[in-house]
$ cat work_39.txt   # compact mmCIF, C-alpha atoms and all ligand atoms
# COMPACT_ATOMS: atom_id res chain seq x y z
CA MET Y 21 13.28 -7.40 6.56
CA ILE Y 22 14.05 -8.97 9.91
CA HIS Y 23 17.72 -8.12 10.18
CA GLU Y 24 17.54 -4.68 8.69
CA PHE Y 25 19.95 -2.29 10.37
CA SER Y 26 19.79 1.45 10.68
CA ALA Y 27 21.73 4.48 11.92
CA PRO Y 28 20.79 7.99 13.08
CA PHE Y 29 20.28 9.91 9.83
CA SER Y 30 21.60 13.24 11.07
CA ASN Y 31 24.80 11.77 12.42
CA PHE Y 32 25.28 9.69 9.29
CA VAL Y 33 25.22 12.65 6.89
CA LEU Y 34 27.14 14.99 9.21
CA SER Y 35 29.90 12.42 9.73
CA LEU Y 36 30.31 11.72 6.04
CA SER Y 37 30.29 15.41 5.20
CA ASP Y 38 32.97 15.86 7.81
CA ALA Y 39 34.97 13.03 6.25
CA ILE Y 40 35.03 14.88 2.94
CA ASP Y 41 36.23 18.11 4.55
CA ILE Y 42 38.58 16.54 7.08
CA ALA Y 43 41.40 16.73 4.56
CA SER Y 44 42.64 20.21 5.34
CA PRO Y 45 42.12 22.94 7.94
CA ASP Y 46 41.48 25.37 5.06
CA ILE Y 47 38.25 23.63 4.14
CA ALA Y 48 37.29 21.98 7.45
CA SER Y 49 33.52 22.08 7.98
CA HIS Y 50 33.00 24.01 4.71
CA GLN Y 51 30.06 21.86 3.63
CA MET Y 52 28.56 21.71 7.13
CA ARG Y 53 28.66 25.49 7.48
CA THR Y 54 27.20 25.87 3.99
CA ALA Y 55 24.40 23.47 4.95
CA PHE Y 56 23.74 25.46 8.12
CA ILE Y 57 23.42 28.73 6.18
CA ALA Y 58 21.27 27.12 3.47
CA TRP Y 59 19.03 25.53 6.10
CA LYS Y 60 18.49 28.88 7.87
CA ILE Y 61 17.63 30.65 4.60
CA ALA Y 62 15.35 27.83 3.39
CA LYS Y 63 13.43 27.87 6.67
CA ALA Y 64 13.06 31.65 6.62
CA ALA Y 65 11.84 31.41 3.01
CA GLY Y 66 8.91 29.34 4.28
CA LEU Y 67 9.69 26.26 2.16
CA SER Y 68 8.13 22.88 2.97
CA ASP Y 69 9.97 20.35 5.15
CA GLY Y 70 10.61 18.17 2.11
CA GLU Y 71 12.14 21.08 0.18
CA ILE Y 72 14.23 22.13 3.17
CA ASN Y 73 15.52 18.57 3.55
CA ASN Y 74 16.50 18.36 -0.11
CA ILE Y 75 18.36 21.65 0.09
CA PHE Y 76 20.14 20.57 3.28
CA LEU Y 77 21.25 17.28 1.68
CA ALA Y 78 22.46 19.11 -1.43
CA ALA Y 79 24.40 21.60 0.69
CA ILE Y 80 25.98 19.11 3.10
CA PHE Y 81 27.53 17.21 0.14
CA HIS Y 82 27.57 20.01 -2.46
CA ASP Y 83 31.27 19.67 -3.31
CA ILE Y 84 31.22 15.86 -3.47
CA GLY Y 85 32.24 16.10 -7.13
CA ALA Y 86 35.53 17.85 -6.29
CA LEU Y 87 37.44 14.63 -5.96
CA SER Y 88 40.96 15.50 -4.92
CA LEU Y 89 42.01 17.54 -1.94
CA GLU Y 90 43.80 19.79 -4.41
CA ASP Y 91 40.50 20.44 -6.32
CA LYS Y 92 38.61 21.14 -3.09
CA THR Y 93 41.17 23.61 -1.82
CA ARG Y 94 41.31 25.48 -5.13
CA LEU Y 95 37.52 25.75 -5.23
CA HIS Y 96 37.37 26.99 -1.69
CA ALA Y 97 40.10 29.56 -2.13
CA GLY Y 98 38.32 31.35 -4.96
CA LEU Y 99 37.05 30.61 -8.37
CA LYS Y 100 39.68 32.11 -10.63
CA ASN Y 101 41.37 29.66 -12.98
CA VAL Y 102 39.30 26.84 -11.56
CA ASP Y 103 36.88 24.74 -13.52
CA ILE Y 104 33.61 25.22 -11.69
CA ASN Y 105 31.46 23.02 -13.86
CA ALA Y 106 33.35 19.77 -13.42
CA HIS Y 107 32.53 19.30 -9.74
CA CYS Y 108 28.88 20.28 -10.35
CA ILE Y 109 28.43 17.75 -13.14
CA LEU Y 110 30.22 15.00 -11.23
CA GLY Y 111 28.28 15.90 -8.10
CA GLU Y 112 24.98 15.49 -9.94
CA GLU Y 113 26.22 12.19 -11.33
CA LEU Y 114 27.08 10.90 -7.84
CA PHE Y 115 23.83 12.14 -6.27
CA SER Y 116 21.85 10.38 -9.01
CA LEU Y 117 23.23 7.02 -7.86
CA SER Y 118 21.12 7.08 -4.67
CA SER Y 119 17.34 7.35 -4.59
CA LEU Y 120 17.67 9.25 -1.32
CA LEU Y 121 19.94 11.90 -2.85
CA MET Y 122 18.38 11.97 -6.31
CA PRO Y 123 15.86 14.76 -5.50
CA SER Y 124 18.81 17.01 -4.61
CA ALA Y 125 20.88 16.17 -7.70
CA ARG Y 126 19.80 19.16 -9.79
CA ILE Y 127 20.45 21.56 -6.93
CA VAL Y 128 24.04 20.30 -6.81
CA ARG Y 129 24.35 20.52 -10.59
CA TYR Y 130 23.51 24.23 -10.58
CA HIS Y 131 24.92 25.42 -7.27
CA HIS Y 132 27.17 27.90 -9.11
CA ARG Y 133 24.65 29.09 -11.72
CA PRO Y 134 23.93 32.82 -11.46
CA TRP Y 135 20.35 34.03 -11.51
CA ARG Y 136 20.78 35.66 -14.93
CA SER Y 137 21.41 32.23 -16.50
CA TRP Y 138 18.17 30.65 -15.29
CA ASP Y 139 15.08 30.74 -17.47
CA GLU Y 140 12.81 29.05 -14.95
CA VAL Y 141 10.86 30.78 -12.20
CA ILE Y 142 12.45 31.19 -8.78
CA GLY Y 143 9.49 29.32 -7.26
CA HIS Y 144 10.65 26.03 -8.79
CA PRO Y 145 12.12 23.95 -5.91
CA ASP Y 146 15.32 23.12 -7.81
CA VAL Y 147 15.87 26.74 -8.81
CA ILE Y 148 15.38 28.20 -5.36
CA GLY Y 149 17.39 25.32 -3.89
CA ALA Y 150 20.32 25.90 -6.24
CA GLN Y 151 20.24 29.65 -5.62
CA ILE Y 152 20.19 29.14 -1.85
CA VAL Y 153 23.14 26.72 -1.93
CA PHE Y 154 25.02 29.08 -4.29
CA LEU Y 155 24.52 31.93 -1.85
CA ALA Y 156 25.36 29.81 1.21
CA ASP Y 157 28.58 28.57 -0.40
CA THR Y 158 29.57 32.13 -1.33
CA ILE Y 159 28.97 33.34 2.22
CA GLU Y 160 30.95 30.52 3.79
CA ARG Y 161 33.90 31.11 1.51
CA ALA Y 162 33.85 34.81 2.34
CA VAL Y 163 34.57 34.09 6.00
CA LEU Y 164 38.23 34.53 6.90
CA ARG Y 165 39.18 31.70 9.18
CA ASN Y 166 41.91 33.52 11.06
CA GLU Y 167 39.85 36.58 11.96
CA TYR Y 168 37.16 37.02 14.60
CA ILE Y 169 33.81 36.48 12.94
CA LEU Y 170 31.90 39.47 14.30
CA HIS Y 171 34.60 41.79 12.96
CA GLN Y 172 33.79 40.53 9.45
CA VAL Y 173 29.99 40.65 9.48
CA ASP Y 174 29.42 44.16 8.06
CA ASP Y 175 31.85 43.59 5.26
CA ILE Y 176 30.40 40.21 4.27
CA ARG Y 177 26.81 41.52 4.39
CA THR Y 178 27.75 44.46 2.16
CA ARG Y 179 29.42 42.16 -0.34
CA ILE Y 180 26.46 39.77 -0.42
CA ALA Y 181 23.98 42.64 -0.82
CA SER Y 182 25.85 43.66 -3.98
CA LEU Y 183 25.14 40.22 -5.53
CA ALA Y 184 21.36 40.78 -5.48
CA GLY Y 185 19.99 40.72 -9.01
CA PRO Y 186 22.14 39.17 -11.72
CA THR Y 187 24.01 36.75 -9.44
CA ILE Y 188 21.48 35.79 -6.75
CA HIS Y 189 17.72 36.44 -6.89
CA LYS Y 190 17.02 39.60 -4.90
CA ASP Y 191 14.37 37.94 -2.69
CA ILE Y 192 16.86 35.32 -1.50
CA VAL Y 193 19.47 37.95 -0.73
CA GLU Y 194 16.80 39.83 1.19
CA ILE Y 195 15.95 36.73 3.26
CA PHE Y 196 19.64 36.26 4.00
CA MET Y 197 19.90 39.90 5.16
CA GLN Y 198 17.09 39.16 7.61
CA VAL Y 199 18.46 35.87 9.00
CA SER Y 200 22.00 37.25 9.33
CA LYS Y 201 21.03 40.37 11.27
CA HIS Y 202 21.90 38.96 14.68
CA GLU Y 203 25.21 37.83 16.11
CA ASP Y 204 23.99 34.32 16.96
CA PHE Y 205 23.69 33.38 13.28
CA TRP Y 206 27.38 34.08 12.70
CA LEU Y 207 28.54 32.65 16.02
CA ASP Y 208 26.65 29.41 15.31
CA MET Y 209 28.11 29.16 11.82
CA VAL Y 210 31.73 29.24 12.95
CA SER Y 211 31.15 27.49 16.28
CA PRO Y 212 33.25 24.38 16.90
CA ARG Y 213 29.95 23.02 18.25
CA LEU Y 214 28.13 23.37 14.93
CA TYR Y 215 28.15 19.59 14.46
CA SER Y 216 26.31 19.09 17.76
CA LEU Y 217 23.98 21.94 16.99
CA LEU Y 218 22.90 20.41 13.67
CA LEU Y 219 22.76 16.96 15.22
CA HIS Y 220 20.28 18.07 17.87
CA TYR Y 221 18.34 20.84 16.16
CA GLY Y 222 18.92 20.39 12.42
CA PRO Y 223 16.78 18.57 9.89
CA PHE Y 224 16.63 14.76 10.28
CA LYS Y 225 17.25 15.05 14.03
CA LYS Y 226 14.67 12.35 14.73
CA ASN Y 227 15.13 10.27 11.58
CA GLU Y 228 16.88 6.98 11.02
CA ILE Y 229 18.55 5.91 7.82
CA PHE Y 230 18.00 2.28 6.83
CA GLN Y 231 20.00 -0.42 5.12
CA LYS Y 232 19.00 0.37 1.53
CA ASP Y 233 19.97 4.04 1.76
CA ILE Y 234 23.10 3.39 3.84
CA PHE Y 235 24.12 0.95 1.13
CA SER Y 236 23.52 3.38 -1.73
CA ILE Y 237 25.40 6.20 -0.04
CA ALA Y 238 28.29 3.87 0.86
CA SER Y 239 28.36 2.86 -2.77
CA ILE Y 240 28.73 6.52 -3.79
CA PHE Y 241 31.51 7.04 -1.27
CA ARG Y 242 33.42 4.11 -2.75
CA HIS Y 243 33.54 6.01 -6.05
CA LEU Y 244 34.51 9.17 -4.24
CA VAL Y 245 37.51 7.46 -2.69
CA ASP Y 246 38.41 5.41 -5.77
CA PHE Y 247 37.94 8.08 -8.44
CA LYS Y 248 40.34 10.42 -6.66
CA SER Y 249 43.01 8.71 -8.64
CA ARG Y 250 43.19 6.65 -11.81
CA PHE Y 251 45.61 4.42 -9.87
CA THR Y 252 42.86 3.12 -7.61
CA ALA Y 253 39.75 3.85 -9.71
CA THR Y 254 38.09 0.49 -8.99
CA HIS Y 255 39.87 -0.65 -5.83
CA SER Y 256 37.04 -0.42 -3.26
CA THR Y 257 34.66 -2.09 -5.70
CA GLY Y 258 37.04 -5.04 -5.97
CA VAL Y 259 37.67 -5.24 -2.22
CA ALA Y 260 33.93 -5.20 -1.47
CA GLN Y 261 33.21 -7.94 -4.02
CA CYS Y 262 36.03 -10.15 -2.73
CA ALA Y 263 34.97 -9.62 0.89
CA VAL Y 264 31.35 -10.44 0.05
CA MET Y 265 32.33 -13.73 -1.57
CA LEU Y 266 34.65 -14.73 1.27
CA SER Y 267 31.96 -13.98 3.84
CA GLN Y 268 29.45 -16.05 1.88
CA TYR Y 269 31.85 -19.01 1.79
CA LEU Y 270 32.26 -18.61 5.54
CA GLY Y 271 28.50 -18.76 6.16
CA PHE Y 272 27.66 -15.13 6.92
CA THR Y 273 23.95 -14.27 6.88
CA ASP Y 274 22.49 -12.03 4.15
CA SER Y 275 22.45 -9.05 6.50
CA GLU Y 276 26.07 -9.66 7.53
CA THR Y 277 27.09 -9.99 3.90
CA THR Y 278 25.42 -6.67 3.10
CA GLN Y 279 27.27 -5.05 6.01
CA MET Y 280 30.46 -6.56 4.65
CA GLU Y 281 29.82 -5.01 1.23
CA ILE Y 282 29.22 -1.63 2.87
CA ALA Y 283 32.42 -2.05 4.90
CA GLY Y 284 34.29 -2.81 1.68
CA TYR Y 285 32.94 0.35 0.06
CA PHE Y 286 34.00 2.37 3.08
CA HIS Y 287 37.29 0.66 3.93
CA ASP Y 288 39.55 3.39 2.52
CA LEU Y 289 37.19 6.27 3.41
CA GLY Y 290 40.03 7.98 5.30
CA LYS Y 291 41.98 8.28 2.04
CA LEU Y 292 39.83 11.34 1.39
CA ALA Y 293 42.28 12.99 3.78
CA VAL Y 294 45.39 11.87 1.90
CA PRO Y 295 46.70 14.18 -0.84
CA ASN Y 296 46.99 12.73 -4.33
CA SER Y 297 50.68 13.59 -4.40
CA VAL Y 298 51.16 10.84 -1.79
CA LEU Y 299 48.53 8.43 -3.12
CA GLU Y 300 49.90 8.54 -6.64
CA LYS Y 301 53.58 8.47 -5.87
CA ARG Y 302 55.38 5.79 -7.81
CA GLY Y 303 58.03 3.84 -6.03
CA LYS Y 304 58.73 3.63 -2.35
CA LEU Y 305 57.15 6.14 0.02
CA THR Y 306 59.40 8.06 2.38
CA LYS Y 307 58.94 7.59 6.13
CA ARG Y 308 57.04 10.89 6.35
CA GLU Y 309 54.76 10.02 3.44
CA PHE Y 310 53.97 6.65 4.94
CA GLU Y 311 53.08 8.37 8.20
CA ILE Y 312 50.44 10.30 6.26
CA ILE Y 313 49.05 7.09 4.77
CA ARG Y 314 48.79 5.59 8.25
CA GLN Y 315 46.03 7.98 9.24
CA HIS Y 316 43.58 6.73 6.61
CA THR Y 317 42.18 3.77 8.52
CA TYR Y 318 42.15 5.85 11.69
CA PHE Y 319 39.75 8.28 9.96
CA THR Y 320 37.72 5.42 8.49
CA TYR Y 321 37.24 4.14 12.04
CA THR Y 322 36.47 7.40 13.83
CA VAL Y 323 34.03 8.56 11.16
CA LEU Y 324 32.08 5.30 11.03
CA SER Y 325 32.23 4.23 14.66
CA THR Y 326 30.87 7.53 16.00
CA ILE Y 327 27.73 7.46 13.83
CA GLY Y 328 26.09 4.89 16.09
CA GLY Y 329 24.59 1.62 14.86
CA LEU Y 330 27.43 0.85 12.45
CA ASP Y 331 30.00 -0.53 14.90
CA LEU Y 332 30.50 -3.81 13.09
CA ILE Y 333 30.90 -2.06 9.74
CA ALA Y 334 33.41 0.34 11.34
CA GLU Y 335 35.59 -2.52 12.61
CA TRP Y 336 35.38 -4.58 9.47
CA ALA Y 337 36.22 -1.55 7.36
CA ALA Y 338 38.96 0.04 9.44
CA PHE Y 339 41.10 -2.86 10.65
CA HIS Y 340 42.31 -3.94 7.22
CA HIS Y 341 45.91 -2.88 7.86
CA GLU Y 342 46.08 -4.53 11.28
CA LYS Y 343 48.00 -7.79 11.52
CA LEU Y 344 47.32 -10.80 13.72
CA ASP Y 345 50.67 -10.35 15.51
CA GLY Y 346 49.98 -6.68 16.32
CA THR Y 347 52.48 -5.19 13.86
CA GLY Y 348 49.86 -3.56 11.64
CA TYR Y 349 48.59 0.03 11.90
CA PRO Y 350 47.26 2.32 13.31
CA PHE Y 351 45.64 0.53 16.29
CA HIS Y 352 48.14 -2.35 16.62
CA VAL Y 353 45.40 -4.68 17.76
CA LYS Y 354 46.30 -8.35 17.93
CA ALA Y 355 44.53 -11.55 16.88
CA ASP Y 356 42.15 -11.63 19.88
CA LYS Y 357 40.74 -8.21 18.88
CA ILE Y 358 40.57 -8.86 15.15
CA ASN Y 359 37.27 -10.53 14.38
CA ILE Y 360 36.57 -12.70 11.38
CA GLY Y 361 35.04 -9.85 9.37
CA ALA Y 362 38.16 -7.71 9.78
CA ARG Y 363 40.33 -10.71 8.84
CA ILE Y 364 38.30 -11.14 5.67
CA MET Y 365 38.72 -7.45 4.79
CA ALA Y 366 42.50 -7.60 5.29
CA VAL Y 367 42.76 -10.53 2.88
CA ALA Y 368 40.32 -8.93 0.39
CA ASP Y 369 42.34 -5.70 0.43
CA ILE Y 370 45.69 -7.36 -0.26
CA PHE Y 371 44.26 -9.77 -2.82
CA THR Y 372 42.58 -6.94 -4.74
CA ALA Y 373 45.65 -4.70 -4.64
CA LEU Y 374 47.80 -7.48 -6.11
CA PHE Y 375 45.22 -8.69 -8.62
CA GLU Y 376 44.05 -5.41 -10.13
CA ASN Y 377 45.77 -3.63 -12.96
CA ARG Y 378 47.43 -0.35 -12.12
CA PRO Y 379 48.46 2.23 -14.73
CA TYR Y 380 52.11 1.38 -14.06
CA ARG Y 381 51.83 -2.42 -13.84
CA GLU Y 382 49.65 -5.38 -14.76
CA GLY Y 383 47.79 -7.30 -12.07
CA MET Y 384 49.59 -10.38 -10.77
CA ALA Y 385 48.80 -13.98 -11.73
CA MET Y 386 47.47 -16.57 -9.31
CA GLU Y 387 50.79 -18.23 -8.53
CA GLN Y 388 52.44 -14.99 -7.53
CA ILE Y 389 49.47 -13.89 -5.42
CA LYS Y 390 49.38 -17.29 -3.76
CA LYS Y 391 53.02 -16.97 -2.81
CA ILE Y 392 52.59 -13.53 -1.27
CA LEU Y 393 49.43 -14.41 0.67
CA SER Y 394 50.96 -17.65 1.99
CA ALA Y 395 54.04 -15.75 3.16
CA GLN Y 396 51.73 -13.32 5.02
CA VAL Y 397 50.04 -16.27 6.73
CA ALA Y 398 53.42 -17.65 7.75
CA ASN Y 399 54.35 -14.18 9.07
CA GLN Y 400 51.34 -14.04 11.39
CA ALA Y 401 49.86 -11.19 9.38
CA LEU Y 402 46.84 -12.81 7.71
CA ASP Y 403 44.34 -15.45 8.79
CA LYS Y 404 45.07 -18.92 7.40
CA LEU Y 405 41.46 -20.05 7.12
CA VAL Y 406 40.44 -16.99 5.13
CA VAL Y 407 43.44 -17.20 2.81
CA ASP Y 408 42.82 -20.93 2.24
CA ILE Y 409 39.21 -20.28 1.28
CA LEU Y 410 40.28 -17.58 -1.13
CA LEU Y 411 42.91 -19.81 -2.73
CA ASP Y 412 40.45 -22.74 -2.98
CA ASN Y 413 38.01 -20.52 -4.85
CA PHE Y 414 40.52 -18.32 -6.62
CA LYS Y 415 39.05 -18.51 -10.11
CA ASP Y 416 35.53 -17.70 -8.97
CA VAL Y 417 36.58 -14.81 -6.78
CA ALA Y 418 38.99 -13.41 -9.35
CA GLY Y 419 36.36 -13.62 -12.11
CA ASN Y 420 33.71 -11.84 -10.05
CA VAL Y 421 36.08 -9.19 -8.77
CA ARG Y 422 37.20 -8.43 -12.31
CA ALA Y 423 33.60 -8.25 -13.59
CA ARG Y 424 32.55 -5.79 -10.88
CA GLN Y 425 35.67 -3.72 -11.39
CA LYS Y 426 34.93 -3.52 -15.12
CA GLU Y 427 31.54 -1.93 -14.32
CA SER Y 428 33.18 0.69 -12.13
CA GLU Y 429 35.87 1.29 -14.70
CA ALA Y 430 33.22 1.94 -17.36
CA LEU Y 431 31.55 4.54 -15.11
CA PHE Y 432 34.91 6.14 -14.40
CA GLU Y 433 35.99 6.27 -18.06
CA MET Y 434 32.65 7.28 -19.53
CA LYS Y 435 31.69 9.95 -17.05
CA PHE Y 436 34.45 10.96 -14.73
CA ALA Y 437 37.71 10.81 -16.63
CA LYS Y 438 36.10 12.57 -19.64
CA ILE Y 439 34.22 15.23 -17.71
CA LYS Y 440 37.34 16.16 -15.83
CA ASP Y 441 39.19 16.84 -19.11
CA GLN Y 442 36.28 18.19 -21.14
CA VAL Y 443 34.79 20.92 -19.06
CA SER Y 444 37.97 22.52 -17.90
CA SER Y 445 37.52 25.43 -20.27
CA ALA Y 446 33.71 25.62 -20.31
CA PRO Y 447 31.95 28.78 -19.13
CA TYR Y 448 29.16 28.78 -16.52
CA ALA Y 449 26.40 26.40 -17.54
FE FE Y 501 30.98 24.21 -5.42
FE FE Y 502 31.67 24.70 -1.80
FE FE Y 503 43.76 0.87 3.08
$ encode --input "work_39.txt" --output "structure tokens" --more "lines below"
Ligand SMILES: [Fe+2]
Ligand SMILES: [Fe+2]
Ligand SMILES: [Fe+2]
Amino acid sequence: MIHEFSAPFSNFVLSLSDAIDIASPDIASHQMRTAFIAWKIAKAAGLSDGEINNIFLAAIFHDIGALSLEDKTRLHAGLKNVDINAHCILGEELFSLSSLLMPSARIVRYHHRPWRSWDEVIGHPDVIGAQIVFLADTIERAVLRNEYILHQVDDIRTRIASLAGPTIHKDIVEIFMQVSKHEDFWLDMVSPRLYSLLLHYGPFKKNEIFQKDIFSIASIFRHLVDFKSRFTATHSTGVAQCAVMLSQYLGFTDSETTQMEIAGYFHDLGKLAVPNSVLEKRGKLTKREFEIIRQHTYFTYTVLSTIGGLDLIAEWAAFHHEKLDGTGYPFHVKADKINIGARIMAVADIFTALFENRPYREGMAMEQIKKILSAQVANQALDKLVVDILLDNFKDVAGNVRARQKESEALFEMKFAKIKDQVSSAPYA
């Protein structure tokens, strides 16, 4: 494809992993540190590059199925009274949506399964992968964040040694004892420079990720953001579909339209850092709560714009709360800095929010939406051309947005909503 775009693979996965763990200092870098430990063990185990890569990808997103910040924090703090299976099952489900992540899906599914529950040989790539990620996650969670790391090493190594056998295969524990013998292993793991270290020396350091895989991973992240809450379970899907149609009406090329769809999937990425108690609050937000909301597009922008190669997507995604007169947030850019793609996204976001059903209210009808959008044009918030095109094609856009949202809703209801309720009392599986 002539216009195919790409991004540095390493930076892409590290940035998105960071975005998941950005939510709280208690879990910051949890997945990145786990991936570092898993990578070191997998290399020392003499696995092939392909196997090492699959384990690294599983580890860097291993808690992707823990959707809310509350779930993530509970999992990280310890496993008592927490449903462990739900995030493993949902994680596998999400990984299976991308052909790039699919080979790591089973590792994610079983990253909490003890060795005694396996009836396959340790030499199977999924089994050794799952055991390595299980061990790496356990080690990372054992590290106390407010204590100097080298004062904790003996204690952590003793605790991990005691897991050899029923919990973790003894050979893997033995490899860990070897790789963790020296101070540099521990200093690297907790280093604030771990991101750079993995960027320059980790797996994928020379690889690029191309359009098809960027698209499929963005599509997963849309579910991650949306499924955090039943209130917004199909929002990014609707925004992306609306933005795609508006950009087609405005003559965007195929490649630009694809970038627009990706931007739509990512537009609320920063909401991963907003607690559900704020996202799901009914009624008016307090000043302090709204200040928390304001950071979401900031995070969307910093995460995407620092990957490299995705600058246009970053702007289109992250400027959707900016207004033409500069009164939006958080960048307060004005019309001259808000390009047509970002203007489309702003309209798509508001349209979708008004049009979609929420658990506490029905979506609005055309006349009401028309009124609100026209008032926003008059207020110098939204672009007139874009709003006019939407209103001229209202039925078409609304029909397609609804159809795409129905697909996402089916996935949410069939898999996610049920799994979250069902497995809460299930034992290890
Ligand atoms: Fe986990
Ligand atoms: Fe974890
Ligand atoms: Fe937003």
$ residues_around --input "work_39.txt" --residues "range 219-235 of chain Y" --least-positions-apart "2" --cutoff "6 Å" --atoms "all atoms listed in the file" --output "NGL selection string"
:Y and (25-30 or 216-217 or 237-238 or 282)
$ residues_near_ligand --input "work_39.txt" --ligand "ligand FE 503 (chain Y)" --cutoff "10 Å" --atoms "all atoms listed in the file" --output "list in words"
His255, Ser256, Phe286, His287, Asp288, Leu289, Gly290, Lys291, Ile313, Arg314, Gln315, His316, Thr317, Thr320, Ala337, Ala338, Phe339, His340, His341, Met365, Ala366, Asp369, Ile370 and Ala373 of chain Y
$ closest_residue --input "work_39.txt" --among "Y:Ile389, Y:Leu36, Y:Met209, Y:Leu164" --to "Thr322 in chain Y" --atoms "all atoms listed in the file"
Y:Leu36
$ residues_near_ligand --input "work_39.txt" --ligand "ligand FE 501 (chain Y)" --cutoff "10 Å" --atoms "all atoms listed in the file" --output "PyMOL selection string"
chain Y and resi 51+79+81-86+92+95-96+99+104-108+111+128-132+153-154+157-158
$ closest_residue --input "work_39.txt" --among "Y:Ala253, Y:Asn359, Y:Asp345, Y:Asn377" --to "Ala398 in chain Y" --atoms "only C-alpha atoms"
Y:Asp345
$ residues_around --input "work_39.txt" --residues "range 188-200 of chain Y" --least-positions-apart "6" --cutoff "9 Å" --atoms "all atoms listed in the file" --output "PDB file with C-alpha atoms, keeping the file's coordinate frame"
ATOM      1  CA  ILE Y  57      23.420  28.730   6.180  1.00  0.00           C
ATOM      2  CA  LYS Y  60      18.490  28.880   7.870  1.00  0.00           C
ATOM      3  CA  ILE Y  61      17.630  30.650   4.600  1.00  0.00           C
ATOM      4  CA  ALA Y  62      15.350  27.830   3.390  1.00  0.00           C
ATOM      5  CA  ALA Y  64      13.060  31.650   6.620  1.00  0.00           C
ATOM      6  CA  ALA Y  65      11.840  31.410   3.010  1.00  0.00           C
ATOM      7  CA  ARG Y 133      24.650  29.090 -11.720  1.00  0.00           C
ATOM      8  CA  PRO Y 134      23.930  32.820 -11.460  1.00  0.00           C
ATOM      9  CA  TRP Y 135      20.350  34.030 -11.510  1.00  0.00           C
ATOM     10  CA  ARG Y 136      20.780  35.660 -14.930  1.00  0.00           C
ATOM     11  CA  ILE Y 142      12.450  31.190  -8.780  1.00  0.00           C
ATOM     12  CA  ILE Y 148      15.380  28.200  -5.360  1.00  0.00           C
ATOM     13  CA  GLN Y 151      20.240  29.650  -5.620  1.00  0.00           C
ATOM     14  CA  ILE Y 152      20.190  29.140  -1.850  1.00  0.00           C
ATOM     15  CA  PHE Y 154      25.020  29.080  -4.290  1.00  0.00           C
ATOM     16  CA  LEU Y 155      24.520  31.930  -1.850  1.00  0.00           C
ATOM     17  CA  VAL Y 173      29.990  40.650   9.480  1.00  0.00           C
ATOM     18  CA  ARG Y 177      26.810  41.520   4.390  1.00  0.00           C
ATOM     19  CA  ILE Y 180      26.460  39.770  -0.420  1.00  0.00           C
ATOM     20  CA  ALA Y 181      23.980  42.640  -0.820  1.00  0.00           C
ATOM     21  CA  TRP Y 206      27.380  34.080  12.700  1.00  0.00           C
TER      22      TRP Y 206
END
$ residues_near_point --input "work_39.txt" --point "(37.6, 19.9, 10.0)" --cutoff "12 Å" --atoms "all atoms listed in the file" --output "compact mmCIF listing (two decimals) with C-alpha atoms, keeping the file's coordinate frame"
# COMPACT_ATOMS: atom_id res chain seq x y z
CA LEU Y 34 27.14 14.99 9.21
CA SER Y 35 29.90 12.42 9.73
CA LEU Y 36 30.31 11.72 6.04
CA SER Y 37 30.29 15.41 5.20
CA ASP Y 38 32.97 15.86 7.81
CA ALA Y 39 34.97 13.03 6.25
CA ILE Y 40 35.03 14.88 2.94
CA ASP Y 41 36.23 18.11 4.55
CA ILE Y 42 38.58 16.54 7.08
CA ALA Y 43 41.40 16.73 4.56
CA SER Y 44 42.64 20.21 5.34
CA PRO Y 45 42.12 22.94 7.94
CA ASP Y 46 41.48 25.37 5.06
CA ILE Y 47 38.25 23.63 4.14
CA ALA Y 48 37.29 21.98 7.45
CA SER Y 49 33.52 22.08 7.98
CA HIS Y 50 33.00 24.01 4.71
CA GLN Y 51 30.06 21.86 3.63
CA MET Y 52 28.56 21.71 7.13
CA ARG Y 53 28.66 25.49 7.48
CA ARG Y 165 39.18 31.70 9.18
CA VAL Y 210 31.73 29.24 12.95
CA SER Y 211 31.15 27.49 16.28
CA PRO Y 212 33.25 24.38 16.90
CA ARG Y 213 29.95 23.02 18.25
CA LEU Y 214 28.13 23.37 14.93
CA TYR Y 215 28.15 19.59 14.46
CA ALA Y 293 42.28 12.99 3.78
CA PHE Y 319 39.75 8.28 9.96
CA VAL Y 323 34.03 8.56 11.16
$ build_atoms --input "work_39.txt" --residues "range 79-84 of chain Y" --atoms "N, CA and C atoms" --output "compact mmCIF listing (two decimals), in the frame of the given file"
# COMPACT_ATOMS: atom_id res chain seq x y z
N ALA Y 79 23.35 20.73 0.15
CA ALA Y 79 24.40 21.60 0.69
C ALA Y 79 25.46 20.82 1.46
N ILE Y 80 25.03 19.83 2.21
CA ILE Y 80 25.98 19.11 3.10
C ILE Y 80 26.98 18.29 2.28
N PHE Y 81 26.61 17.95 1.02
CA PHE Y 81 27.53 17.21 0.14
C PHE Y 81 27.77 17.97 -1.17
N HIS Y 82 27.62 19.31 -1.17
CA HIS Y 82 27.57 20.01 -2.46
C HIS Y 82 28.87 19.92 -3.26
N ASP Y 83 30.00 19.73 -2.57
CA ASP Y 83 31.27 19.67 -3.31
C ASP Y 83 31.77 18.23 -3.47
N ILE Y 84 30.86 17.28 -3.38
CA ILE Y 84 31.22 15.86 -3.47
C ILE Y 84 31.92 15.54 -4.79
